[in-house]
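Shown next: data_0.cif, given as mmCIF, C-alpha atoms (C1' of nucleotides).
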data_input
loop_
_atom_site.label_atom_id
_atom_site.label_comp_id
_atom_site.auth_asym_id
_atom_site.auth_seq_id
_atom_site.Cartn_x
_atom_site.Cartn_y
_atom_site.Cartn_z
CA MET A 16 16.38 26.90 20.23
CA THR A 17 13.73 24.25 19.70
CA ASP A 18 10.91 26.37 21.10
CA ALA A 19 9.90 29.12 18.73
CA ALA A 20 7.02 31.49 19.13
CA PRO A 21 3.79 29.53 19.64
CA ARG A 22 1.87 29.56 16.38
CA ARG A 23 -1.85 29.77 15.95
CA SER A 24 -1.70 26.57 13.92
CA ASP A 25 -0.27 24.42 16.69
CA ALA A 26 -3.66 22.92 17.43
CA THR A 27 -4.04 21.87 13.80
CA ARG A 28 -0.57 20.40 13.73
CA ALA A 29 -1.36 18.35 16.83
CA ALA A 30 -4.68 17.20 15.39
CA ILE A 31 -2.91 16.01 12.26
CA LEU A 32 -0.35 14.10 14.29
CA ARG A 33 -3.01 12.44 16.39
CA ALA A 34 -5.02 11.42 13.34
CA ALA A 35 -1.88 10.22 11.57
CA ARG A 36 -0.90 7.94 14.45
CA GLU A 37 -4.39 6.52 14.54
CA ARG A 38 -4.53 5.78 10.82
CA PHE A 39 -0.96 4.48 10.59
CA ALA A 40 -1.55 2.22 13.59
CA ALA A 41 -4.81 0.86 12.22
CA ASP A 42 -3.99 0.56 8.52
CA GLY A 43 -0.22 0.56 8.08
CA TYR A 44 1.81 2.96 5.99
CA GLU A 45 0.46 2.44 2.49
CA ARG A 46 -3.22 2.00 3.34
CA ALA A 47 -3.28 5.08 5.53
CA THR A 48 -3.96 7.81 2.98
CA ILE A 49 -3.30 11.49 3.50
CA ARG A 50 -6.90 12.17 2.60
CA ALA A 51 -8.15 9.85 5.32
CA ILE A 52 -5.83 11.38 7.89
CA ALA A 53 -6.89 14.88 6.90
CA ALA A 54 -10.56 13.91 7.09
CA GLU A 55 -10.10 12.54 10.59
CA ALA A 56 -8.33 15.73 11.63
CA ARG A 57 -11.09 17.73 9.93
CA ILE A 58 -8.81 19.76 7.73
CA ASP A 59 -7.78 19.84 4.11
CA PRO A 60 -5.23 17.33 2.76
CA SER A 61 -3.07 20.16 1.50
CA MET A 62 -2.47 21.33 5.06
CA VAL A 63 -0.75 18.07 5.82
CA MET A 64 1.67 18.72 2.99
CA ARG A 65 2.35 22.28 4.06
CA TYR A 66 3.09 21.35 7.65
CA TYR A 67 4.91 18.07 7.15
CA GLY A 68 6.24 18.28 3.62
CA SER A 69 5.36 14.79 2.45
CA LYS A 70 3.80 11.56 3.59
CA GLU A 71 7.21 10.28 4.62
CA GLY A 72 7.77 13.44 6.63
CA LEU A 73 4.44 13.06 8.34
CA PHE A 74 5.21 9.50 9.26
CA ALA A 75 8.60 10.47 10.59
CA ALA A 76 6.95 13.00 12.86
CA ALA A 77 4.14 10.66 13.90
CA ALA A 78 6.43 7.74 14.66
CA GLU A 79 8.75 9.64 16.95
CA PHE A 80 8.94 7.33 19.90
CA ASP A 81 10.75 6.88 23.17
CA LEU A 82 10.68 3.52 24.92
CA ARG A 83 11.16 5.34 28.25
CA LEU A 84 13.02 2.38 29.64
CA PRO A 85 13.70 2.54 33.36
CA ASP A 86 17.26 2.45 34.61
CA LEU A 87 17.84 -1.28 34.63
CA ALA A 88 20.87 -0.99 36.88
CA ALA A 89 18.56 0.23 39.64
CA VAL A 90 16.25 -2.78 39.35
CA PRO A 91 16.77 -5.83 41.57
CA PRO A 92 18.73 -8.20 39.30
CA ASP A 93 16.24 -11.03 39.67
CA ARG A 94 13.32 -8.81 38.71
CA LEU A 95 14.66 -7.57 35.41
CA GLY A 96 12.39 -9.70 33.23
CA GLU A 97 9.28 -8.94 35.20
CA THR A 98 10.03 -5.22 35.17
CA LEU A 99 10.61 -5.16 31.43
CA VAL A 100 7.47 -7.06 30.41
CA ARG A 101 5.31 -4.96 32.66
CA HIS A 102 6.89 -1.79 31.37
CA PHE A 103 6.39 -2.67 27.71
CA LEU A 104 2.80 -3.76 28.18
CA ARG A 105 1.95 -0.49 29.86
CA ARG A 106 3.97 1.56 27.42
CA TRP A 107 2.27 0.46 24.24
CA GLU A 108 -1.14 -0.15 25.68
CA GLY A 109 -1.43 3.57 26.32
CA ASP A 110 0.23 4.87 23.17
CA GLU A 111 -0.52 3.68 19.68
CA THR A 112 2.66 5.13 18.25
CA LEU A 113 4.51 1.85 18.63
CA ALA A 114 1.70 -0.04 16.96
CA ALA A 115 1.94 2.38 14.05
CA LEU A 116 5.67 1.84 13.83
CA LEU A 117 5.28 -1.91 14.09
CA ARG A 118 2.70 -2.13 11.30
CA ALA A 119 4.63 0.20 9.04
CA ALA A 120 7.95 -1.56 9.62
CA SER A 121 6.69 -4.59 7.72
CA THR A 122 6.38 -2.77 4.43
CA ASN A 123 8.15 0.57 4.72
CA PRO A 124 11.95 0.49 4.65
CA GLY A 125 12.23 3.79 6.49
CA ALA A 126 10.03 2.53 9.28
CA ALA A 127 12.08 -0.65 9.54
CA GLU A 128 15.24 1.41 9.82
CA ARG A 129 13.63 3.47 12.57
CA MET A 130 12.66 0.30 14.39
CA ARG A 131 16.23 -0.98 14.21
CA ARG A 132 17.50 2.27 15.62
CA LEU A 133 14.92 2.27 18.38
CA PHE A 134 16.05 -1.08 19.70
CA ALA A 135 19.71 -0.73 18.89
CA ASP A 136 20.01 2.63 20.61
CA GLN A 137 17.58 2.52 23.47
CA LEU A 138 17.24 -1.15 24.40
CA ALA A 139 20.83 -2.15 23.78
CA ALA A 140 21.97 0.88 25.76
CA ALA A 141 19.84 -0.10 28.72
CA VAL A 142 21.09 -3.67 28.59
CA ALA A 143 24.68 -2.46 28.40
CA GLY A 144 24.28 -0.92 31.86
CA LEU A 145 23.76 -4.31 33.47
CA GLY A 146 27.37 -5.27 33.82
CA THR A 147 27.22 -8.49 31.85
CA ASP A 148 29.88 -9.42 29.33
CA PRO A 149 30.02 -6.43 26.97
CA ALA A 150 30.49 -8.68 23.97
CA SER A 151 27.10 -10.27 24.52
CA THR A 152 24.94 -7.21 25.20
CA ALA A 153 23.88 -6.67 21.59
CA ARG A 154 22.90 -10.31 21.32
CA ARG A 155 20.99 -10.24 24.60
CA ALA A 156 19.15 -7.11 23.52
CA GLY A 157 18.28 -8.72 20.20
CA LEU A 158 16.82 -11.77 21.90
CA VAL A 159 14.77 -9.59 24.21
CA ALA A 160 13.53 -7.65 21.19
CA SER A 161 12.50 -10.85 19.45
CA GLN A 162 10.24 -11.86 22.33
CA ILE A 163 8.92 -8.37 23.03
CA LEU A 164 8.14 -7.61 19.40
CA GLY A 165 6.68 -11.06 18.91
CA LEU A 166 4.36 -10.43 21.81
CA ALA A 167 3.31 -7.08 20.37
CA PHE A 168 2.92 -8.55 16.92
CA THR A 169 0.68 -11.41 18.01
CA ARG A 170 -1.31 -9.35 20.51
CA TYR A 171 -1.87 -6.07 18.67
CA ILE A 172 -1.27 -6.72 14.98
CA VAL A 173 -2.28 -10.27 14.11
CA ARG A 174 -4.47 -10.51 17.21
CA LEU A 175 -4.01 -14.19 17.92
CA PRO A 176 -6.98 -14.95 20.19
CA PRO A 177 -5.13 -16.76 23.01
CA VAL A 178 -2.54 -13.99 23.23
CA VAL A 179 -5.17 -11.26 23.09
CA GLU A 180 -7.23 -12.86 25.83
CA MET A 181 -4.43 -13.35 28.34
CA ALA A 182 -4.51 -10.91 31.23
CA PRO A 183 -1.47 -8.65 31.57
CA GLU A 184 -0.43 -10.33 34.80
CA ASP A 185 -0.58 -13.77 33.19
CA LEU A 186 1.59 -12.53 30.36
CA VAL A 187 4.08 -11.17 32.86
CA ALA A 188 4.20 -14.49 34.71
CA TRP A 189 4.89 -16.43 31.53
CA VAL A 190 7.15 -14.08 29.61
CA ALA A 191 9.22 -12.55 32.43
CA PRO A 192 11.39 -15.66 32.92
CA THR A 193 12.19 -15.63 29.21
CA LEU A 194 13.50 -12.08 29.29
CA GLN A 195 15.25 -12.74 32.57
CA ARG A 196 17.20 -15.58 30.98
CA TYR A 197 17.98 -13.59 27.83
CA LEU A 198 19.34 -10.78 30.00
CA THR A 199 21.28 -12.61 32.68
CA GLY A 200 21.40 -16.31 31.77
CA ARG A 201 23.42 -18.51 29.51
CA PRO A 202 22.37 -20.47 26.41
CA ALA A 203 21.49 -24.13 26.74
CA SER A 204 24.33 -26.66 26.34
CA MET B 23 -11.25 -34.71 -8.38
CA THR B 24 -8.61 -32.08 -7.76
CA ASP B 25 -6.44 -33.21 -10.66
CA ALA B 26 -7.93 -32.21 -13.98
CA ALA B 27 -6.39 -32.66 -17.38
CA PRO B 28 -2.91 -31.05 -17.41
CA ARG B 29 -3.16 -27.75 -19.23
CA ARG B 30 -0.60 -26.24 -21.48
CA SER B 31 -0.65 -23.12 -19.29
CA ASP B 32 0.48 -24.87 -16.14
CA ALA B 33 4.02 -23.56 -16.56
CA THR B 34 2.71 -20.00 -16.73
CA ARG B 35 0.54 -20.51 -13.68
CA ALA B 36 3.53 -21.76 -11.73
CA ALA B 37 5.73 -18.90 -12.90
CA ILE B 38 3.11 -16.42 -11.73
CA LEU B 39 2.91 -18.08 -8.32
CA ARG B 40 6.67 -18.07 -7.92
CA ALA B 41 6.93 -14.41 -8.87
CA ALA B 42 4.00 -13.54 -6.62
CA ARG B 43 5.59 -15.16 -3.59
CA GLU B 44 8.81 -13.33 -4.28
CA ARG B 45 7.19 -9.92 -4.62
CA PHE B 46 4.80 -10.39 -1.70
CA ALA B 47 7.66 -11.56 0.51
CA ALA B 48 9.91 -8.65 -0.45
CA ASP B 49 7.39 -5.81 -0.62
CA GLY B 50 4.27 -6.77 1.29
CA TYR B 51 0.76 -6.92 -0.04
CA GLU B 52 0.08 -3.37 -1.17
CA ARG B 53 3.52 -2.55 -2.59
CA ALA B 54 3.64 -5.74 -4.60
CA THR B 55 1.83 -4.71 -7.78
CA ILE B 56 0.31 -7.07 -10.28
CA ARG B 57 2.34 -5.38 -12.98
CA ALA B 58 5.59 -6.06 -11.12
CA ILE B 59 4.64 -9.68 -10.54
CA ALA B 60 3.69 -10.12 -14.19
CA ALA B 61 6.94 -8.52 -15.31
CA GLU B 62 8.94 -10.90 -13.14
CA ALA B 63 7.02 -13.84 -14.56
CA ARG B 64 7.52 -12.41 -18.07
CA ILE B 65 3.88 -12.39 -18.99
CA ASP B 66 1.10 -9.87 -19.35
CA PRO B 67 -0.68 -8.51 -16.27
CA SER B 68 -4.01 -9.56 -17.67
CA MET B 69 -2.99 -13.20 -17.48
CA VAL B 70 -2.73 -12.91 -13.73
CA MET B 71 -6.32 -11.78 -13.63
CA ARG B 72 -7.54 -14.52 -15.89
CA TYR B 73 -5.85 -17.28 -13.92
CA TYR B 74 -6.35 -15.99 -10.39
CA GLY B 75 -9.34 -13.70 -10.67
CA SER B 76 -8.05 -10.82 -8.57
CA LYS B 77 -5.11 -9.68 -6.51
CA GLU B 78 -6.71 -11.13 -3.40
CA GLY B 79 -7.18 -14.43 -5.21
CA LEU B 80 -3.58 -14.46 -6.29
CA PHE B 81 -2.41 -13.81 -2.76
CA ALA B 82 -4.64 -16.55 -1.43
CA ALA B 83 -3.06 -18.98 -3.84
CA ALA B 84 0.48 -17.75 -3.20
CA ALA B 85 0.16 -17.80 0.59
CA GLU B 86 -1.05 -21.35 0.83
CA PHE B 87 1.20 -22.72 3.52
CA ASP B 88 1.73 -25.78 5.64
CA LEU B 89 3.94 -25.58 8.74
CA ARG B 90 4.71 -29.31 8.31
CA LEU B 91 5.06 -29.70 12.03
CA PRO B 92 6.48 -33.03 13.14
CA ASP B 93 4.46 -35.26 15.43
CA LEU B 94 5.35 -33.71 18.76
CA ALA B 95 4.13 -36.74 20.67
CA ALA B 96 6.95 -38.75 19.09
CA VAL B 97 9.62 -36.29 20.22
CA PRO B 98 11.51 -36.84 23.49
CA PRO B 99 9.62 -34.58 25.92
CA ASP B 100 12.72 -32.69 26.97
CA ARG B 101 13.67 -31.93 23.38
CA LEU B 102 10.42 -30.29 22.30
CA GLY B 103 11.75 -26.74 22.33
CA GLU B 104 14.91 -27.61 20.49
CA THR B 105 13.01 -29.58 17.87
CA LEU B 106 10.55 -26.78 17.27
CA VAL B 107 13.06 -23.95 16.87
CA ARG B 108 15.19 -25.99 14.54
CA HIS B 109 12.17 -27.00 12.51
CA PHE B 110 10.90 -23.45 12.10
CA LEU B 111 14.29 -22.06 11.16
CA ARG B 112 14.68 -24.64 8.45
CA ARG B 113 11.10 -24.35 7.32
CA TRP B 114 11.07 -20.66 6.54
CA GLU B 115 14.68 -20.34 5.53
CA GLY B 116 13.93 -22.51 2.51
CA ASP B 117 10.51 -21.16 1.60
CA GLU B 118 9.63 -17.50 1.33
CA THR B 119 5.91 -18.14 1.54
CA LEU B 120 5.86 -17.58 5.28
CA ALA B 121 7.79 -14.33 4.91
CA ALA B 122 5.18 -13.19 2.40
CA LEU B 123 2.40 -14.10 4.78
CA LEU B 124 4.16 -12.41 7.68
CA ARG B 125 4.72 -9.14 5.82
CA ALA B 126 1.21 -9.07 4.43
CA ALA B 127 -0.40 -9.88 7.77
CA SER B 128 0.60 -6.48 9.10
CA THR B 129 -1.57 -4.57 6.69
CA ASN B 130 -3.94 -6.97 5.00
CA PRO B 131 -6.87 -8.22 7.09
CA GLY B 132 -7.26 -11.35 5.01
CA ALA B 133 -3.62 -12.26 5.51
CA ALA B 134 -3.94 -11.70 9.24
CA GLU B 135 -6.93 -14.00 9.34
CA ARG B 136 -4.95 -16.62 7.45
CA MET B 137 -2.11 -16.27 9.92
CA ARG B 138 -4.49 -16.76 12.84
CA ARG B 139 -5.86 -19.88 11.23
CA LEU B 140 -2.40 -21.22 10.50
CA PHE B 141 -1.38 -21.11 14.13
CA ALA B 142 -4.75 -21.90 15.61
CA ASP B 143 -5.23 -24.98 13.46
CA GLN B 144 -1.78 -26.39 12.92
CA LEU B 145 0.27 -25.30 15.92
CA ALA B 146 -2.47 -25.59 18.52
CA ALA B 147 -3.35 -29.00 17.14
CA ALA B 148 0.23 -30.21 17.48
CA VAL B 149 0.45 -28.87 21.03
CA ALA B 150 -2.81 -30.54 21.93
CA GLY B 151 -1.20 -33.91 21.28
CA LEU B 152 1.27 -33.45 24.11
CA GLY B 153 -0.99 -34.56 26.91
CA THR B 154 -0.79 -31.41 28.98
CA ASP B 155 -3.85 -29.87 30.58
CA PRO B 156 -6.28 -29.38 27.66
CA ALA B 157 -7.46 -26.06 29.04
CA SER B 158 -4.00 -24.58 28.64
CA THR B 159 -3.06 -25.80 25.17
CA ALA B 160 -4.38 -22.77 23.31
CA ARG B 161 -2.48 -20.51 25.67
CA ARG B 162 0.71 -22.52 25.35
CA ALA B 163 0.45 -22.47 21.56
CA GLY B 164 -0.12 -18.72 21.64
CA LEU B 165 3.00 -18.16 23.72
CA VAL B 166 5.05 -20.32 21.39
CA ALA B 167 3.68 -18.36 18.44
CA SER B 168 4.67 -15.08 20.09
CA GLN B 169 8.32 -16.15 20.36
CA ILE B 170 8.46 -17.87 16.98
CA LEU B 171 6.83 -15.02 15.10
CA GLY B 172 8.92 -12.50 17.00
CA LEU B 173 12.03 -14.33 15.92
CA ALA B 174 10.87 -14.37 12.30
CA PHE B 175 9.84 -10.73 12.47
CA THR B 176 13.15 -9.49 13.85
CA ARG B 177 15.29 -11.77 11.70
CA TYR B 178 13.58 -11.64 8.31
CA ILE B 179 11.37 -8.54 8.28
CA VAL B 180 12.93 -5.83 10.42
CA ARG B 181 16.36 -7.46 10.18
CA LEU B 182 17.67 -6.46 13.57
CA PRO B 183 21.44 -6.89 13.14
CA PRO B 184 22.17 -8.97 16.25
CA VAL B 185 19.34 -11.37 15.44
CA VAL B 186 20.32 -11.62 11.78
CA GLU B 187 23.92 -12.36 12.62
CA MET B 188 23.30 -15.15 15.09
CA ALA B 189 24.05 -18.60 13.76
CA PRO B 190 21.11 -21.01 13.64
CA GLU B 191 22.64 -23.20 16.32
CA ASP B 192 23.10 -20.24 18.65
CA LEU B 193 19.48 -19.28 18.14
CA VAL B 194 18.44 -22.83 18.97
CA ALA B 195 20.51 -22.81 22.14
CA TRP B 196 18.96 -19.58 23.35
CA VAL B 197 15.36 -19.91 22.21
CA ALA B 198 14.75 -23.64 22.72
CA PRO B 199 14.46 -23.34 26.54
CA THR B 200 11.84 -20.64 26.06
CA LEU B 201 9.62 -22.83 23.91
CA GLN B 202 10.28 -25.79 26.17
CA ARG B 203 8.92 -23.87 29.14
CA TYR B 204 5.93 -22.52 27.21
CA LEU B 205 5.08 -26.07 26.17
CA THR B 206 5.67 -28.06 29.33
CA GLY B 207 6.39 -25.61 32.14
CA ARG B 208 4.39 -23.48 34.54
CA PRO B 209 4.26 -19.67 34.82
CA ALA B 210 6.40 -17.90 37.40
CA SER B 211 4.88 -17.38 40.85
"C1'" DA C 23 -6.95 51.82 7.77
"C1'" DC C 24 -3.12 49.70 5.29
"C1'" DT C 25 0.14 45.91 4.56
"C1'" DG C 26 2.22 41.61 4.79
"C1'" DT C 27 1.97 37.08 6.78
"C1'" DT C 28 -0.39 33.11 8.29
"C1'" DT C 29 -4.12 29.71 7.93
"C1'" DG C 30 -7.32 27.39 5.33
"C1'" DC C 31 -9.97 25.52 1.22
"C1'" DC C 32 -10.56 24.34 -3.60
"C1'" DA C 33 -9.50 22.45 -7.91
"C1'" DA C 34 -6.41 20.32 -10.53
"C1'" DC C 35 -2.12 17.83 -12.00
"C1'" DA C 36 0.55 13.61 -13.10
"C1'" DC C 37 0.85 9.09 -12.01
"C1'" DT C 38 -0.15 4.40 -10.52
"C1'" DT C 39 -3.36 1.06 -9.30
"C1'" DG C 40 -6.55 -3.17 -10.22
"C1'" DT C 41 -9.32 -4.60 -13.73
"C1'" DT C 42 -11.66 -5.33 -18.35
"C1'" DG C 43 -12.60 -6.31 -23.20
"C1'" DA C 44 -11.26 -6.75 -27.95
"C1'" DC C 45 -8.42 -9.13 -30.92
"C1'" DA C 46 -4.42 -12.06 -32.92
"C1'" DA C 47 -1.82 -16.50 -32.84
"C1'" DC C 48 -1.82 -21.28 -31.63
"C1'" DG C 49 -3.38 -26.39 -31.18
"C1'" DG C 50 -5.90 -30.11 -31.51
"C1'" DT C 51 -10.33 -32.26 -33.76
"C1'" DA C 52 -13.50 -33.35 -37.33
"C1'" DT D 15 -9.39 -27.58 -44.75
"C1'" DA D 16 -12.49 -25.51 -41.48
"C1'" DC D 17 -13.60 -25.01 -36.67
"C1'" DC D 18 -13.36 -23.90 -31.71
"C1'" DG D 19 -11.42 -23.52 -27.27
"C1'" DT D 20 -7.06 -22.06 -25.20
"C1'" DT D 21 -3.15 -18.92 -24.54
"C1'" DG D 22 -1.33 -14.61 -25.06
"C1'" DT D 23 -0.86 -9.32 -26.18
"C1'" DC D 24 -2.47 -4.55 -26.42
"C1'" DA D 25 -4.85 -0.61 -25.16
"C1'" DA D 26 -7.82 1.45 -22.33
"C1'" DC D 27 -10.86 2.53 -18.29
"C1'" DA D 28 -12.26 4.24 -13.67
"C1'" DA D 29 -10.75 5.09 -9.33
"C1'" DG D 30 -7.51 6.53 -6.04
"C1'" DT D 31 -2.85 8.26 -4.89
"C1'" DG D 32 0.64 12.02 -3.36
"C1'" DT D 33 1.37 16.54 -4.43
"C1'" DT D 34 1.03 21.54 -6.16
"C1'" DG D 35 -0.47 26.32 -6.88
"C1'" DG D 36 -3.85 29.80 -6.53
"C1'" DC D 37 -6.99 32.45 -3.91
"C1'" DA D 38 -10.01 34.05 0.06
"C1'" DA D 39 -10.42 34.97 4.84
"C1'" DA D 40 -8.36 35.92 9.36
"C1'" DC D 41 -4.82 37.88 11.80
"C1'" DA D 42 -0.83 41.00 13.51
"C1'" DG D 43 1.92 45.07 13.32
"C1'" DT D 44 2.16 49.66 11.97
#

Go through the file and emit its structure as structure tokens.
Amino acid sequence: MTDAAPRRSDATRAAILRAARERFAADGYERATIRAIAAEARIDPSMVMRYYGSKEGLFAAAAEFDLRLPDLAAVPPDRLGETLVRHFLRRWEGDETLAALLRAASTNPGAAERMRRLFADQLAAAVAGLGTDPASTARRAGLVASQILGLAFTRYIVRLPPVVEMAPEDLVAWVAPTLQRYLTGRPAS
Amino acid sequence: MTDAAPRRSDATRAAILRAARERFAADGYERATIRAIAAEARIDPSMVMRYYGSKEGLFAAAAEFDLRLPDLAAVPPDRLGETLVRHFLRRWEGDETLAALLRAASTNPGAAERMRRLFADQLAAAVAGLGTDPASTARRAGLVASQILGLAFTRYIVRLPPVVEMAPEDLVAWVAPTLQRYLTGRPAS
DNA sequence: ACTGTTTGCCAACACTTGTTGACAACGGTA
DNA sequence: TACCGTTGTCAACAAGTGTTGGCAAACAGT
């Protein structure tokens, strides 16, 4: 029921979405204007409204995101951290949707809510499949999120030079043990 | 030379700064309007302009921040992580300036630059006093920043429930080993 | 060829934004 | 008292925002 007849305007819709992700990722929610997005998509601002209803609606469509987490239960238990860091680096290096969501989440309540859902639903669910104490899965997922989002924030948003300059493999070597401990370890005394 | 004659308007200036920090911390740079700040300070918007020149100028004054890092060289080497987490939690739980800076850094280039400077100057300088390989201090400071800022981002900005609900001492127990390793450890094989 | 729908552009609306300048009340000084 | 710099209020401007409705061209079905 999702797939209707292909419309002639599908190309325009896609162009708008692509431009929207680019502007939202680069400028954040409030600085990314509908006029700028429309200009980048080479159409009239009013088309954006007709196809997506409002700026909020456009953002909701542009920020649709799936972490595409692998099945953690199928990963060797001592490689969980390494797998996760590598996955996240690849995932958001190739898709600016998460950067858009990250920037917008700082100022837009709706985007923050979406971010909460993203990690509560997808990440916590993946962690729950690991077989650790069920009572601690939410907490473990939250800790993982804090390091993962902090990495994204410093590398792609604030662009702290030392974090930007580190090679992906170096990041994996340093950060993987952190996630590994958050997932399977215990807190310090 | 910094201290001039005390003006009668000093109280107003301070009220503006307090209101500005509150609005910037709660709404971010673009959503925090001069009119809203003035209303909260119970003065006219034009006073903000006269005393701080522009919105950018006001933000620059309101986001003046000092991490007040302790002398890390005087801390027992195996307690560095614990000391740092505890210090940061206390530091930004009592002062919303850092939250304002954090929110604004996502969308405002000037705020991002200020954030870079804050960690490059103050944190990297503190780490440099530890006596580890000088070539790695910037990298170590960057890694620490990624975890610290990620913690602040998830706890105070996005408000991920599991991270919000954790008690400060639990956070210390979990996160301290991470910082400890970033500061004094080596990367995984 | 006729008709109704879709796609697109244009111009305008109502509103908010940062910012400015004129002008009144106040406070200390001569 | 008269004077002058400071502190404060009011009204307005110019620019930019999301959003709306009307109208022309292209299309699809008959």

| request: Name the residues that the PyMOL selection byres ((chain D) within 8 of (chain A)) picks from the file above, as JSON, numbers by chain, using the file's chain letters and numbers. | output: {"D": [31, 32, 33]}

| field | Hits of the PyMOL selection byres ((chain A) within 12 of (chain C)) in this structure, as a list in words | value |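 After applying the PyMOL selection byres ((chain A) within 12 of (chain C)), what remains is Arg22, Arg23, Ser24, Asp25, Ala26, Thr27, Arg28, Arg57, Ile58, Asp59, Pro60, Ser61, Met62, Val63, Arg65 and Tyr66 of chain A.
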
| query | So how many Å separate CA of Pro199 in chain B and CA of Arg94 in chain A, to one decimal? | reply |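 According to the coordinates, CA of Pro199 in chain B and CA of Arg94 in chain A are separated by 19.0 Å.
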
If the box runs along x, y and z of the file and leaves 4 Å on each side of range 31-35 of chain C, what are its centre and edge lengths in Å, one decimal, as JSON?
{"center_x": -6.3, "center_y": 21.7, "center_z": -5.4, "size_x": 16.4, "size_y": 15.7, "size_z": 21.2}

| request: Could you tell me which residues the PyMOL selection byres ((chain A) within 8 of (chain B)) returns for this structure, as a PyMOL selection string? | output: chain A and resi 42-43+45-46+118-122+127-128+130-131+153-154+157-158+160-166+168-169+172-178+181+185+188-189+191-193+197+201-204

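Here CA of Gly96 in chain A is placed at a distance of 11.6 Å from CA of Val142 in chain A.
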
| Two-atom distance - CA of Pro91 in chain A, CA of Gly146 in chain A (Å) |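 Between CA of Pro91 in chain A and CA of Gly146 in chain A the gap is 13.1 Å.
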